[in-house]
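Student: This is the content of data25.txt (compact mmCIF, C-alpha atoms and all ligand atoms):
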```
# COMPACT_ATOMS: atom_id res chain seq x y z
CA MET A 5 15.41 44.48 101.83
CA LYS A 6 14.36 43.60 105.38
CA LYS A 7 16.83 44.59 108.09
CA GLU A 8 17.00 41.00 109.40
CA THR A 9 17.87 39.57 105.97
CA LEU A 10 20.55 42.20 105.43
CA ALA A 11 21.95 41.43 108.87
CA LEU A 12 22.26 37.75 107.93
CA LEU A 13 24.10 38.61 104.73
CA GLU A 14 26.51 40.75 106.72
CA LYS A 15 26.91 38.18 109.50
CA TYR A 16 27.91 35.47 107.03
CA ASP A 17 29.90 37.84 104.79
CA GLN A 18 27.60 37.31 101.80
CA THR A 19 26.83 40.89 100.69
CA HIS A 20 28.15 40.08 97.18
CA LEU A 21 24.69 38.54 96.65
CA LEU A 22 23.27 42.06 96.44
CA ALA A 23 25.06 42.67 93.09
CA PHE A 24 21.84 42.29 91.07
CA TYR A 25 19.35 43.44 93.70
CA ASP A 26 18.87 47.03 92.47
CA GLN A 27 18.06 45.81 88.93
CA MET A 28 15.30 43.44 90.13
CA ASP A 29 11.62 44.38 89.91
CA ASP A 30 9.44 44.10 93.02
CA VAL A 31 8.36 40.50 92.39
CA GLN A 32 11.93 39.40 91.75
CA LYS A 33 13.07 41.17 94.91
CA GLU A 34 10.40 39.43 96.93
CA ASN A 35 11.35 36.01 95.48
CA PHE A 36 15.00 36.64 96.09
CA GLU A 37 14.42 37.62 99.72
CA LYS A 38 12.32 34.51 100.19
CA GLN A 39 15.26 32.38 99.02
CA LEU A 40 17.48 34.07 101.60
CA ASP A 41 14.91 33.83 104.39
CA THR A 42 14.38 30.10 103.92
CA LEU A 43 18.05 29.30 103.37
CA ASP A 44 19.71 26.78 105.66
CA TRP A 45 22.42 29.05 107.09
CA GLY A 46 23.58 26.10 109.20
CA VAL A 47 25.68 24.96 106.22
CA PHE A 48 28.31 27.53 107.22
CA ASP A 49 28.93 25.55 110.41
CA CYS A 50 29.79 22.32 108.58
CA PHE A 51 33.41 23.04 107.75
CA GLY A 52 36.49 21.67 109.46
CA ASN A 53 34.86 18.35 110.19
CA ASP A 54 36.67 16.37 107.53
CA ASN A 55 33.50 14.93 106.03
CA THR A 56 32.74 13.00 109.22
CA PRO A 57 30.80 15.58 111.14
CA GLU A 58 30.65 13.71 114.39
CA GLY A 59 33.88 11.73 114.09
CA LYS A 60 33.79 7.98 114.42
CA GLY A 61 33.56 6.01 117.65
CA LYS A 62 34.89 2.48 118.30
CA ILE A 63 34.32 0.36 115.20
CA ASP A 64 33.62 -3.39 115.40
CA PRO A 65 32.40 -5.89 112.82
CA ILE A 66 28.68 -6.60 112.65
CA GLY A 67 27.23 -10.10 112.48
CA ALA A 68 24.99 -10.69 109.48
CA LEU A 69 22.20 -13.05 108.58
CA SER A 70 24.04 -14.96 105.87
CA ILE A 71 22.46 -16.36 102.71
CA ALA A 72 22.69 -19.83 104.30
CA ASP A 73 20.99 -18.63 107.53
CA ILE A 74 18.21 -17.03 105.50
CA GLU A 75 17.70 -20.15 103.39
CA LYS A 76 17.10 -22.22 106.53
CA LYS A 77 14.27 -19.96 107.74
CA LYS A 78 13.04 -18.72 104.39
CA GLU A 79 9.50 -20.05 104.69
CA GLU A 80 8.92 -18.45 108.09
CA TYR A 81 10.37 -15.11 107.00
CA VAL A 82 8.37 -15.02 103.78
CA LYS A 83 5.19 -15.82 105.69
CA THR A 84 5.75 -12.97 108.18
CA GLY A 85 6.73 -10.58 105.39
CA LEU A 86 3.74 -11.39 103.21
CA GLU A 87 1.36 -10.94 106.14
CA ALA A 88 2.76 -7.46 106.76
CA ILE A 89 2.57 -6.56 103.04
CA LYS A 90 -0.98 -7.87 102.70
CA ALA A 91 -1.99 -5.79 105.71
CA GLY A 92 -0.60 -2.68 103.95
CA LYS A 93 2.11 -2.24 106.59
CA VAL A 94 5.04 -1.94 104.14
CA GLY A 95 5.66 1.03 101.85
CA ALA A 96 8.30 1.32 99.12
CA LEU A 97 10.23 4.57 98.99
CA LEU A 98 12.26 5.33 95.89
CA LEU A 99 15.04 7.89 96.25
CA ALA A 100 15.13 9.55 92.85
CA GLY A 101 16.18 13.10 93.64
CA GLY A 102 19.81 12.68 92.56
CA GLN A 103 21.32 14.27 89.50
CA GLY A 104 23.10 11.22 88.11
CA THR A 105 26.12 13.30 87.12
CA ARG A 106 28.40 10.27 86.69
CA LEU A 107 26.01 8.65 84.24
CA GLY A 108 25.56 12.00 82.53
CA CYS A 109 22.06 11.30 81.21
CA SER A 110 20.02 14.37 80.39
CA GLY A 111 16.76 13.49 82.17
CA PRO A 112 16.03 11.71 85.46
CA LYS A 113 18.16 8.57 85.91
CA GLY A 114 15.05 6.39 86.07
CA SER A 115 14.09 7.45 82.54
CA PHE A 116 17.34 6.00 81.20
CA ASN A 117 16.76 3.24 78.66
CA ILE A 118 18.94 0.27 79.60
CA GLY A 119 17.45 -1.94 76.87
CA VAL A 120 19.44 -3.12 73.88
CA THR A 121 17.04 -4.73 71.44
CA LYS A 122 13.98 -3.12 73.02
CA GLU A 123 13.13 -0.32 75.38
CA LEU A 124 13.63 -1.08 79.06
CA TYR A 125 13.67 1.97 81.28
CA ILE A 126 15.17 1.85 84.77
CA PHE A 127 11.85 2.95 86.30
CA GLU A 128 10.11 0.19 84.32
CA GLN A 129 12.42 -2.45 85.73
CA LEU A 130 11.89 -1.18 89.29
CA PHE A 131 8.10 -1.28 88.91
CA ARG A 132 8.33 -4.78 87.43
CA ASN A 133 10.35 -5.94 90.40
CA THR A 134 7.73 -4.49 92.74
CA MET A 135 4.92 -6.08 90.73
CA ASP A 136 6.40 -9.51 91.53
CA VAL A 137 5.65 -8.86 95.20
CA VAL A 138 2.26 -7.29 94.48
CA GLU A 139 1.30 -10.48 92.67
CA GLN A 140 2.71 -12.72 95.39
CA ALA A 141 0.92 -10.78 98.17
CA GLY A 142 -2.25 -10.01 96.24
CA ALA A 143 -2.01 -6.42 97.48
CA TRP A 144 -0.62 -3.13 96.13
CA VAL A 145 2.47 -1.84 97.90
CA PRO A 146 2.20 1.94 98.56
CA PHE A 147 4.96 3.42 96.42
CA PHE A 148 6.46 6.81 97.33
CA ILE A 149 8.85 8.57 94.97
CA MET A 150 11.19 11.35 96.04
CA THR A 151 12.21 13.73 93.27
CA SER A 152 13.95 17.10 93.43
CA ASP A 153 13.14 20.53 91.97
CA LYS A 154 15.63 19.65 89.22
CA ASN A 155 13.76 16.59 87.93
CA HIS A 156 10.24 16.60 89.38
CA GLU A 157 8.37 17.71 86.26
CA GLU A 158 10.29 15.37 83.99
CA THR A 159 9.88 12.40 86.35
CA THR A 160 6.15 12.81 86.87
CA SER A 161 5.38 13.40 83.20
CA PHE A 162 7.62 10.51 82.08
CA LEU A 163 5.85 8.07 84.37
CA LYS A 164 2.40 9.36 83.45
CA GLU A 165 3.25 9.09 79.75
CA HIS A 166 4.26 5.45 80.29
CA ASN A 167 1.16 4.71 82.33
CA TYR A 168 3.30 4.04 85.42
CA PHE A 169 4.46 0.87 83.67
CA GLY A 170 1.31 -0.89 84.78
CA TYR A 171 1.54 0.04 88.46
CA ASN A 172 -1.69 1.30 90.04
CA PRO A 173 -1.38 5.13 90.16
CA ASP A 174 -3.71 5.21 93.19
CA TYR A 175 -0.80 3.67 95.10
CA ILE A 176 1.90 6.09 93.89
CA TRP A 177 2.77 9.38 95.64
CA PHE A 178 5.47 11.90 94.73
CA PHE A 179 7.26 14.41 96.92
CA THR A 180 10.23 16.69 96.33
CA GLN A 181 13.29 16.86 98.52
CA ASP A 182 14.69 20.03 100.03
CA MET A 183 17.45 21.97 98.36
CA ALA A 184 20.73 23.23 99.81
CA PRO A 185 22.77 26.26 98.69
CA SER A 186 26.14 25.94 96.96
CA MET A 187 29.23 28.07 97.54
CA ASP A 188 32.68 28.64 96.07
CA TYR A 189 35.96 27.77 97.75
CA GLU A 190 35.98 31.21 99.45
CA LYS A 191 32.68 30.23 101.07
CA LYS A 192 30.72 32.76 99.03
CA LEU A 193 27.25 31.57 98.04
CA LEU A 194 26.88 31.21 94.29
CA MET A 195 24.10 32.56 92.05
CA GLU A 196 22.62 30.34 89.34
CA SER A 197 21.14 33.39 87.56
CA SER A 198 20.81 37.07 88.31
CA GLU A 199 17.78 36.39 90.51
CA LYS A 200 18.29 32.89 91.83
CA LEU A 201 20.79 31.35 94.21
CA ALA A 202 22.52 28.16 93.07
CA PHE A 203 20.68 25.37 94.86
CA SER A 204 21.13 21.62 94.55
CA PRO A 205 19.33 18.58 96.05
CA ASN A 206 20.40 18.20 99.68
CA GLY A 207 21.47 14.55 99.50
CA ASN A 208 19.55 11.34 100.08
CA GLY A 209 19.41 11.71 103.88
CA GLY A 210 16.75 14.38 104.12
CA TRP A 211 14.04 12.20 102.62
CA PHE A 212 12.09 11.56 105.80
CA THR A 213 11.77 15.26 106.67
CA SER A 214 10.67 16.05 103.11
CA PHE A 215 8.28 13.06 103.21
CA ALA A 216 6.74 14.35 106.44
CA ASN A 217 6.61 17.98 105.24
CA ALA A 218 4.73 16.86 102.14
CA GLY A 219 2.01 15.40 104.40
CA LEU A 220 2.91 11.84 103.42
CA LEU A 221 3.90 10.64 106.88
CA LYS A 222 0.37 11.46 108.02
CA LYS A 223 -1.05 9.80 104.92
CA ALA A 224 1.13 6.68 105.37
CA LYS A 225 0.09 6.37 109.01
CA GLU A 226 -3.58 6.70 108.09
CA MET A 227 -3.10 3.87 105.61
CA GLY A 228 -1.51 1.70 108.30
CA VAL A 229 2.05 1.75 106.93
CA GLU A 230 4.54 0.76 109.65
CA TRP A 231 7.68 0.04 107.63
CA LEU A 232 9.40 1.88 104.78
CA ASN A 233 11.73 0.13 102.34
CA CYS A 234 14.02 2.85 100.94
CA PHE A 235 16.05 2.15 97.87
CA ALA A 236 18.15 3.86 95.21
CA VAL A 237 16.94 4.44 91.69
CA ASP A 238 19.89 2.85 89.97
CA ASN A 239 20.04 -0.80 91.08
CA VAL A 240 18.01 -2.51 88.38
CA LEU A 241 18.16 -5.96 90.01
CA GLN A 242 17.06 -5.04 93.49
CA ARG A 243 14.10 -6.67 95.14
CA ILE A 244 11.63 -4.13 96.51
CA ALA A 245 9.47 -4.80 99.59
CA ASP A 246 11.07 -8.25 99.51
CA PRO A 247 8.84 -10.41 101.76
CA CYS A 248 11.75 -12.50 103.04
CA PHE A 249 13.77 -9.40 104.03
CA VAL A 250 10.75 -7.76 105.66
CA GLY A 251 9.89 -10.95 107.53
CA ALA A 252 13.46 -11.46 108.74
CA VAL A 253 13.66 -7.92 110.15
CA ILE A 254 10.31 -8.34 111.92
CA ASP A 255 11.07 -11.86 113.22
CA GLN A 256 14.51 -10.79 114.47
CA ASP A 257 12.83 -7.95 116.36
CA CYS A 258 14.93 -5.28 114.68
CA VAL A 259 13.96 -1.66 114.04
CA SER A 260 15.81 -1.50 110.73
CA GLY A 261 17.50 -3.74 108.21
CA ALA A 262 20.05 -3.30 105.44
CA LYS A 263 20.57 -5.53 102.46
CA VAL A 264 24.28 -6.24 102.19
CA VAL A 265 26.54 -8.04 99.74
CA ARG A 266 29.88 -9.67 100.47
CA LYS A 267 32.56 -7.32 99.14
CA ALA A 268 33.98 -8.47 95.80
CA ASP A 269 37.48 -7.84 97.17
CA PRO A 270 38.71 -6.37 100.47
CA GLU A 271 39.24 -2.95 98.90
CA GLU A 272 35.98 -2.67 97.00
CA ARG A 273 34.67 0.89 97.09
CA VAL A 274 31.45 0.33 99.01
CA GLY A 275 30.28 1.50 102.43
CA VAL A 276 30.66 -1.28 105.01
CA LEU A 277 28.02 -1.99 107.64
CA CYS A 278 29.75 -2.16 111.03
CA LEU A 279 29.06 -1.42 114.66
CA GLU A 280 30.15 1.93 116.04
CA ASP A 281 30.09 2.09 119.83
CA GLY A 282 27.70 -0.84 119.64
CA LYS A 283 25.26 0.87 117.24
CA PRO A 284 24.90 0.16 113.51
CA SER A 285 27.07 2.38 111.39
CA ILE A 286 28.23 2.54 107.80
CA VAL A 287 31.92 3.18 107.31
CA GLU A 288 32.66 4.63 103.88
CA TYR A 289 35.34 2.88 101.83
CA TYR A 290 37.69 5.87 102.17
CA GLU A 291 37.35 5.70 105.97
CA MET A 292 38.33 2.00 106.10
CA THR A 293 41.94 1.41 107.09
CA HIS A 294 44.10 -1.25 105.38
CA ASP A 295 44.08 -3.29 108.61
CA MET A 296 40.29 -3.22 108.78
CA ASN A 297 39.93 -4.23 105.14
CA TYR A 298 42.16 -7.27 105.63
CA ALA A 299 41.23 -8.29 109.20
CA LYS A 300 40.04 -11.93 109.40
CA ASP A 301 38.29 -14.09 112.01
CA GLU A 302 39.61 -17.48 113.20
CA GLN A 303 37.98 -19.27 110.27
CA GLY A 304 39.76 -16.98 107.82
CA ASN A 305 36.70 -14.90 106.84
CA TYR A 306 37.08 -11.17 106.35
CA LEU A 307 35.58 -9.36 109.31
CA TYR A 308 34.51 -6.17 107.56
CA CYS A 309 33.02 -7.74 104.47
CA PHE A 310 29.41 -6.58 104.27
CA GLY A 311 28.89 -3.77 101.79
CA VAL A 312 25.60 -1.85 101.73
CA ILE A 313 23.62 -1.56 98.49
CA LEU A 314 21.27 1.26 99.50
CA ASN A 315 18.26 -0.91 100.22
CA TYR A 316 17.06 -0.35 103.78
CA LEU A 317 13.98 -1.15 105.81
CA PHE A 318 13.07 1.28 108.59
CA ARG A 319 10.36 1.06 111.20
CA MET A 320 8.42 4.29 110.76
CA ASP A 321 7.90 5.08 114.46
CA LYS A 322 11.69 5.00 114.91
CA LEU A 323 12.11 7.42 112.00
CA GLU A 324 9.67 9.75 113.71
CA GLU A 325 11.81 9.66 116.85
CA ILE A 326 14.94 10.77 115.01
CA ILE A 327 13.31 13.39 112.80
CA ALA A 328 13.85 16.12 115.39
CA LYS A 329 17.63 15.55 115.43
CA ARG A 330 19.79 17.41 112.93
CA MET A 331 21.47 14.98 110.55
CA PRO A 332 25.20 15.45 109.98
CA THR A 333 25.87 17.51 106.86
CA HIS A 334 28.61 16.37 104.48
CA VAL A 335 30.56 18.91 102.45
CA VAL A 336 31.26 17.71 98.91
CA GLU A 337 33.32 19.38 96.19
CA LYS A 338 31.41 19.63 92.89
CA LYS A 339 31.24 21.47 89.56
CA ILE A 340 28.71 24.25 90.11
CA PRO A 341 27.47 26.41 87.21
CA TYR A 342 27.09 30.05 88.29
CA VAL A 343 26.93 33.69 87.21
CA ASP A 344 29.52 36.06 88.58
CA PRO A 345 28.62 39.55 89.88
CA ASP A 346 29.23 40.99 86.34
CA GLY A 347 26.50 38.72 85.02
CA THR A 348 28.88 36.37 83.13
CA ALA A 349 27.73 32.72 83.18
CA HIS A 350 30.28 29.98 83.94
CA ALA A 351 29.99 26.21 83.45
CA PRO A 352 33.14 24.87 85.15
CA GLU A 353 34.71 21.61 83.99
CA THR A 354 36.42 20.91 87.30
CA PRO A 355 35.02 21.29 90.83
CA ASN A 356 34.77 24.94 91.84
CA GLY A 357 33.00 24.83 95.16
CA TYR A 358 30.99 23.05 97.79
CA LYS A 359 27.59 21.42 97.93
CA PHE A 360 25.99 20.14 101.12
CA GLU A 361 24.40 16.75 101.56
CA THR A 362 22.84 14.67 104.28
CA LEU A 363 23.17 10.93 103.72
CA ILE A 364 20.79 8.07 104.40
CA LEU A 365 23.68 6.07 105.84
CA ASP A 366 23.79 8.49 108.79
CA MET A 367 20.17 7.58 109.44
CA VAL A 368 21.16 3.94 109.96
CA HIS A 369 23.49 5.05 112.76
CA MET A 370 20.56 6.77 114.48
CA MET A 371 18.75 3.42 114.75
CA ASP A 372 19.19 1.20 117.84
CA ASN A 373 19.90 -1.83 115.68
CA CYS A 374 20.01 -2.86 112.04
CA LEU A 375 19.76 -6.38 110.66
CA ALA A 376 22.51 -7.01 108.13
CA TYR A 377 20.75 -9.26 105.60
CA GLU A 378 23.04 -10.84 103.04
CA VAL A 379 21.97 -11.14 99.41
CA ASP A 380 23.68 -12.61 96.38
CA ARG A 381 25.26 -9.72 94.48
CA GLU A 382 24.88 -11.55 91.17
CA LYS A 383 21.13 -11.64 91.73
CA GLU A 384 20.38 -8.37 93.48
CA PHE A 385 23.08 -5.82 92.81
CA ALA A 386 23.36 -4.21 89.40
CA PRO A 387 23.84 -0.47 89.95
CA VAL A 388 23.97 1.89 86.99
CA LYS A 389 26.34 4.56 88.27
CA ASN A 390 28.85 5.17 85.49
CA LYS A 391 28.82 5.38 81.71
CA GLU A 392 31.47 2.69 81.50
CA GLY A 393 33.69 0.47 83.66
CA VAL A 394 32.65 -0.57 87.17
CA ASP A 395 28.93 -0.34 88.03
CA SER A 396 28.10 0.86 84.55
CA ILE A 397 25.47 0.41 81.89
CA ASP A 398 27.39 -2.57 80.50
CA THR A 399 27.86 -4.39 83.80
CA ALA A 400 24.16 -3.88 84.66
CA ARG A 401 23.10 -5.21 81.23
CA GLU A 402 25.24 -8.32 81.71
CA LEU A 403 23.68 -8.97 85.11
CA LEU A 404 20.15 -8.42 83.81
CA LYS A 405 20.81 -10.99 81.07
CA LYS A 406 22.29 -13.45 83.57
CA ASN A 407 19.05 -13.17 85.57
CA GLY A 408 16.91 -13.91 82.58
CA VAL A 409 15.65 -10.35 81.99
CA GLN A 410 15.16 -9.73 78.29
CA ILE A 411 16.85 -6.53 77.24
P1 LIG A 501 24.11 8.73 94.25
O1 LIG A 501 24.92 9.01 95.45
O2 LIG A 501 24.56 7.65 93.34
O3 LIG A 501 23.93 10.09 93.45
O4 LIG A 501 22.63 8.49 94.72
P2 LIG A 501 23.30 10.39 92.03
O5 LIG A 501 22.87 11.81 92.08
O6 LIG A 501 22.24 9.40 91.61
O7 LIG A 501 24.52 10.18 91.03
P3 LIG A 501 25.89 11.01 90.90
O8 LIG A 501 26.63 10.81 92.21
O9 LIG A 501 25.51 12.47 90.66
O10 LIG A 501 26.54 10.37 89.74
C1 LIG A 501 22.17 7.33 95.36
C2 LIG A 501 20.67 7.42 95.41
O11 LIG A 501 20.26 8.55 96.19
C3 LIG A 501 19.40 9.38 95.42
C4 LIG A 501 19.73 9.09 93.97
O12 LIG A 501 18.65 9.44 93.12
C5 LIG A 501 20.01 7.60 94.04
O13 LIG A 501 18.81 6.87 94.02
N1 LIG A 501 19.65 10.80 95.77
C6 LIG A 501 20.91 11.29 95.74
C7 LIG A 501 18.58 11.57 96.08
O14 LIG A 501 17.41 11.11 96.08
N2 LIG A 501 18.82 12.88 96.40
C8 LIG A 501 20.06 13.42 96.40
O15 LIG A 501 20.20 14.62 96.69
C9 LIG A 501 21.13 12.60 96.07
```
For this file, write the structure as structure tokens.
Ligand code: UTP

Tutor:
Amino acid sequence: MKKETLALLEKYDQTHLLAFYDQMDDVQKENFEKQLDTLDWGVFDCFGNDNTPEGKGKIDPIGALSIADIEKKKEEYVKTGLEAIKAGKVGALLLAGGQGTRLGCSGPKGSFNIGVTKELYIFEQLFRNTMDVVEQAGAWVPFFIMTSDKNHEETTSFLKEHNYFGYNPDYIWFFTQDMAPSMDYEKKLLMESSEKLAFSPNGNGGWFTSFANAGLLKKAKEMGVEWLNCFAVDNVLQRIADPCFVGAVIDQDCVSGAKVVRKADPEERVGVLCLEDGKPSIVEYYEMTHDMNYAKDEQGNYLYCFGVILNYLFRMDKLEEIIAKRMPTHVVEKKIPYVDPDGTAHAPETPNGYKFETLILDMVHMMDNCLAYEVDREKEFAPVKNKEGVDSIDTARELLKKNGVQI
């Protein structure tokens, strides 16, 4: 092993990783060293920050464009948005690198069949929603899909097999997100097998770096894309490259926008779009104090009432400006399968260590401004997060039916 690699293992107290090294053949040794050489050792500096790596500044409520405000200017916004879409300036970017552990489906979350009397896959529904805009604009929307090493093969072959649900494959591009190492509670990196470290997708915040590294930023610029609409895989009702949303962000001269819904109740577990030291910022539900949740304005409206639904529009030149900055890394406790130094495999049923994630919500805070754009949750928010209960398969099916989607 190279002296430099060994020195890193010693520096970070990780020499237990050498347990299998002597038994590896030359190719395995080379691969293993490569994993160590490309590892993000910065994860060891993320502890002690209480999940809020930079701490929070002064939080204030953010004003939003309400549904009523939008209605008044709908025609103008739609016109501006459609012009941008027709000119190829708006790309859709699907974040599909997650592992969907809460839903517990075996393949990629998008390949989950939400249909009841017929097949209706999540990916299918998302492409259908995008097709509405393609038809309205008379132009294909460039569609970028982020996968991870864990689901890339399955995602690409599933979509190919289903003929991209009618979407033009010339307008679809895939890229994989970066991976981060996992460690146990003693801060010892874990091995997934005797020759591979335990890696997991590094959260939904690293997408722009991965997008650029895959050569797609260059490609998007060549095509004339100026805006990227990023969205989660699991909200089956969301509108993608929504002309009215795009037009409102452009007309309001903003560099980013976030679709928001009014919280169902003051304590709903959603991130709330606020201002932090005058800049847009998402405060997670567990960071909201009781006083903030219940604070009202003079008219009796809740002040911190706009929950984000992971549907953002970013101006691409602004993303390029922030790419050089290191995003805050969040430490999350998870169940991590591993092999111990004796070679015994473990599949823990309770969390046994840490994974490291960057989050797209931190990207919003790096923007100078963000238009909070209110949408009707009954029409645009049906996330499939859990097997049952809140935000589950059942609640999403109900909402699909309510919106006239045959399932
Ligand atoms: P979630 O935070 O809901 O995570 O992702 P998840 O992996 O889908 O589900 P759980 O938490 O394991 O149950 C929100 C969005 O971010 C994407 C997901 O695919 C989803 O669209 N995501 C998440 C990534 O693209 N990469 C990641 O590393 C994590």

Student: Find the residue from A:Asn356, A:Tyr189, A:Thr121, A:Leu99 that sits nearest to Phe148 of chain A; use all atoms listed in the file when measuring.

Tutor: A:Leu99

Student: Fewer than 4 positions away in the same chain doesn't count, so skip those; otherwise give me all residues within 12 Å of Leu241 of chain A, counting all atoms listed in the file, as an MDAnalysis selection string.

Tutor: chainID A and resid 126:134 235:237 313 315 379:388 399:409

Student: Of the residues A:Gly46, A:Gly251, A:Pro65, A:Gly85, which is the one nearest to Phe310 of chain A, using only C-alpha atoms?

Tutor: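 So, comparing all the options, the nearest one is A:Pro65.
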
Student: Considering all atoms listed in the file, tabulate each residue of chain A that lies at most 8 Å from ligand LIG 501 (chain A) along with its nearest interatomic pair and the corresponding distance in Å to one decimal; arrange the rows by chain and ascending residue number and present them as CSV.

Tutor:
```
residue,atom,partner,partner_atom,distance
A:Leu98,CA,A:LIG501,O13,7.0
A:Leu99,CA,A:LIG501,O14,4.0
A:Ala100,CA,A:LIG501,O12,3.5
A:Gly101,CA,A:LIG501,O14,3.4
A:Gly102,CA,A:LIG501,O5,3.2
A:Gln103,CA,A:LIG501,O5,3.9
A:Gly104,CA,A:LIG501,O7,3.4
A:Thr105,CA,A:LIG501,O9,3.7
A:Arg106,CA,A:LIG501,O10,3.6
A:Leu107,CA,A:LIG501,O10,5.8
A:Gly108,CA,A:LIG501,O10,7.5
A:Lys113,CA,A:LIG501,O6,7.1
A:Met150,CA,A:LIG501,O14,6.2
A:Thr151,CA,A:LIG501,O14,6.5
A:Ser152,CA,A:LIG501,N2,7.1
A:Gln181,CA,A:LIG501,N2,7.1
A:Ser204,CA,A:LIG501,O15,7.4
A:Pro205,CA,A:LIG501,O15,4.1
A:Asn206,CA,A:LIG501,O15,4.7
A:Gly207,CA,A:LIG501,O15,3.1
A:Asn208,CA,A:LIG501,N2,4.1
A:Gly209,CA,A:LIG501,N2,7.6
A:Trp211,CA,A:LIG501,O14,7.4
A:Phe235,CA,A:LIG501,O13,6.7
A:Ala236,CA,A:LIG501,O13,3.3
A:Val237,CA,A:LIG501,O13,3.9
A:Asp238,CA,A:LIG501,O13,5.8
A:Leu314,CA,A:LIG501,C1,7.4
A:Glu361,CA,A:LIG501,O15,6.8
A:Lys389,CA,A:LIG501,O10,6.0
A:Asn390,CA,A:LIG501,O10,7.1
```

Student: Take the residues from that selection and write them out as an mmCIF file, in the coordinates of the input, keeping C-alpha atoms.

Tutor:
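Full text of result_14.cif as output:
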```cif
data_model
loop_
_atom_site.group_PDB
_atom_site.id
_atom_site.type_symbol
_atom_site.label_atom_id
_atom_site.label_comp_id
_atom_site.auth_asym_id
_atom_site.auth_seq_id
_atom_site.Cartn_x
_atom_site.Cartn_y
_atom_site.Cartn_z
ATOM 1 C CA LEU A 98 12.260 5.330 95.890
ATOM 2 C CA LEU A 99 15.040 7.890 96.250
ATOM 3 C CA ALA A 100 15.130 9.550 92.850
ATOM 4 C CA GLY A 101 16.180 13.100 93.640
ATOM 5 C CA GLY A 102 19.810 12.680 92.560
ATOM 6 C CA GLN A 103 21.320 14.270 89.500
ATOM 7 C CA GLY A 104 23.100 11.220 88.110
ATOM 8 C CA THR A 105 26.120 13.300 87.120
ATOM 9 C CA ARG A 106 28.400 10.270 86.690
ATOM 10 C CA LEU A 107 26.010 8.650 84.240
ATOM 11 C CA GLY A 108 25.560 12.000 82.530
ATOM 12 C CA LYS A 113 18.160 8.570 85.910
ATOM 13 C CA MET A 150 11.190 11.350 96.040
ATOM 14 C CA THR A 151 12.210 13.730 93.270
ATOM 15 C CA SER A 152 13.950 17.100 93.430
ATOM 16 C CA GLN A 181 13.290 16.860 98.520
ATOM 17 C CA SER A 204 21.130 21.620 94.550
ATOM 18 C CA PRO A 205 19.330 18.580 96.050
ATOM 19 C CA ASN A 206 20.400 18.200 99.680
ATOM 20 C CA GLY A 207 21.470 14.550 99.500
ATOM 21 C CA ASN A 208 19.550 11.340 100.080
ATOM 22 C CA GLY A 209 19.410 11.710 103.880
ATOM 23 C CA TRP A 211 14.040 12.200 102.620
ATOM 24 C CA PHE A 235 16.050 2.150 97.870
ATOM 25 C CA ALA A 236 18.150 3.860 95.210
ATOM 26 C CA VAL A 237 16.940 4.440 91.690
ATOM 27 C CA ASP A 238 19.890 2.850 89.970
ATOM 28 C CA LEU A 314 21.270 1.260 99.500
ATOM 29 C CA GLU A 361 24.400 16.750 101.560
ATOM 30 C CA LYS A 389 26.340 4.560 88.270
ATOM 31 C CA ASN A 390 28.850 5.170 85.490
#
```

Student: So the first atom is atom CA of Val335 of chain A and the second is atom CA of Lys359 of chain A; what is the distance between them in Å, to one decimal place?

Tutor: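 Separation between atom CA of Val335 of chain A and atom CA of Lys359 of chain A: 6.0 Å.
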
Student: What gap, in Å, lies between atom CA of Tyr342 of chain A and atom CA of Lys200 of chain A?

Tutor: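 That distance, rounded to one decimal, is 9.9 Å.
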
Student: Pick out the residues sitting within 9 Å of Ala349 of chain A, and hand them over as a ChimeraX atom specification; count all atoms listed in the file, and ignore anything fewer than 6 positions along from it in its own chain.

Tutor: /A:196-197,341-343

Student: If you count only C-alpha atoms, which residues fall within 8 Å of Pro355 of chain A, apart from same-chain ones fewer than 4 positions away, as number ranges by chain?

Tutor: A: 337-340

Student: A:Ala184, A:Ile71, A:Leu97, A:Val137: which is nearest Leu220 of chain A, counting all atoms listed in the file?

Tutor: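 Result for the nearest residue to Leu220 of chain A: A:Leu97.
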
Student: Using only C-alpha atoms, which of the listed residues (A:Phe24, A:Phe318, A:Phe116, A:Phe360) sits closest to Val240 of chain A?

Tutor: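 Selected residue with least distance to Val240 of chain A: A:Phe116.
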
Student: Choose the residue, out of A:Glu199, A:Asp372, A:Asn305, A:Met367, that has the smallest atom-to-atom separation from Lys283 of chain A; count all atoms listed in the file.

Tutor: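 For Lys283 of chain A, the nearest of the candidates is A:Asp372.
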
Student: Would you compute the distance between atom CA of Val31 of chain A and atom CA of Lys191 of chain A? Give it in Å to one decimal.

Tutor: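 Going from atom CA of Val31 of chain A over to atom CA of Lys191 of chain A, I get 27.8 Å.
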
Student: Considering only C-alpha atoms, can you say which of A:Ile411, A:Ser260, A:Tyr171, A:Glu325 comes closest to Phe212 of chain A?

Tutor: A:Glu325

Student: I'd like the neighbourhood of Leu43 of chain A as a list of chain:residue names, where a residue qualifies if any of its atoms comes within 9 Å (using only C-alpha atoms), though same-chain residues fewer than 5 positions away should be ignored.

Tutor: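 With the cut-off at 9 Å, the set is A:Lys38, A:Met183, A:Ala184, A:Pro185.
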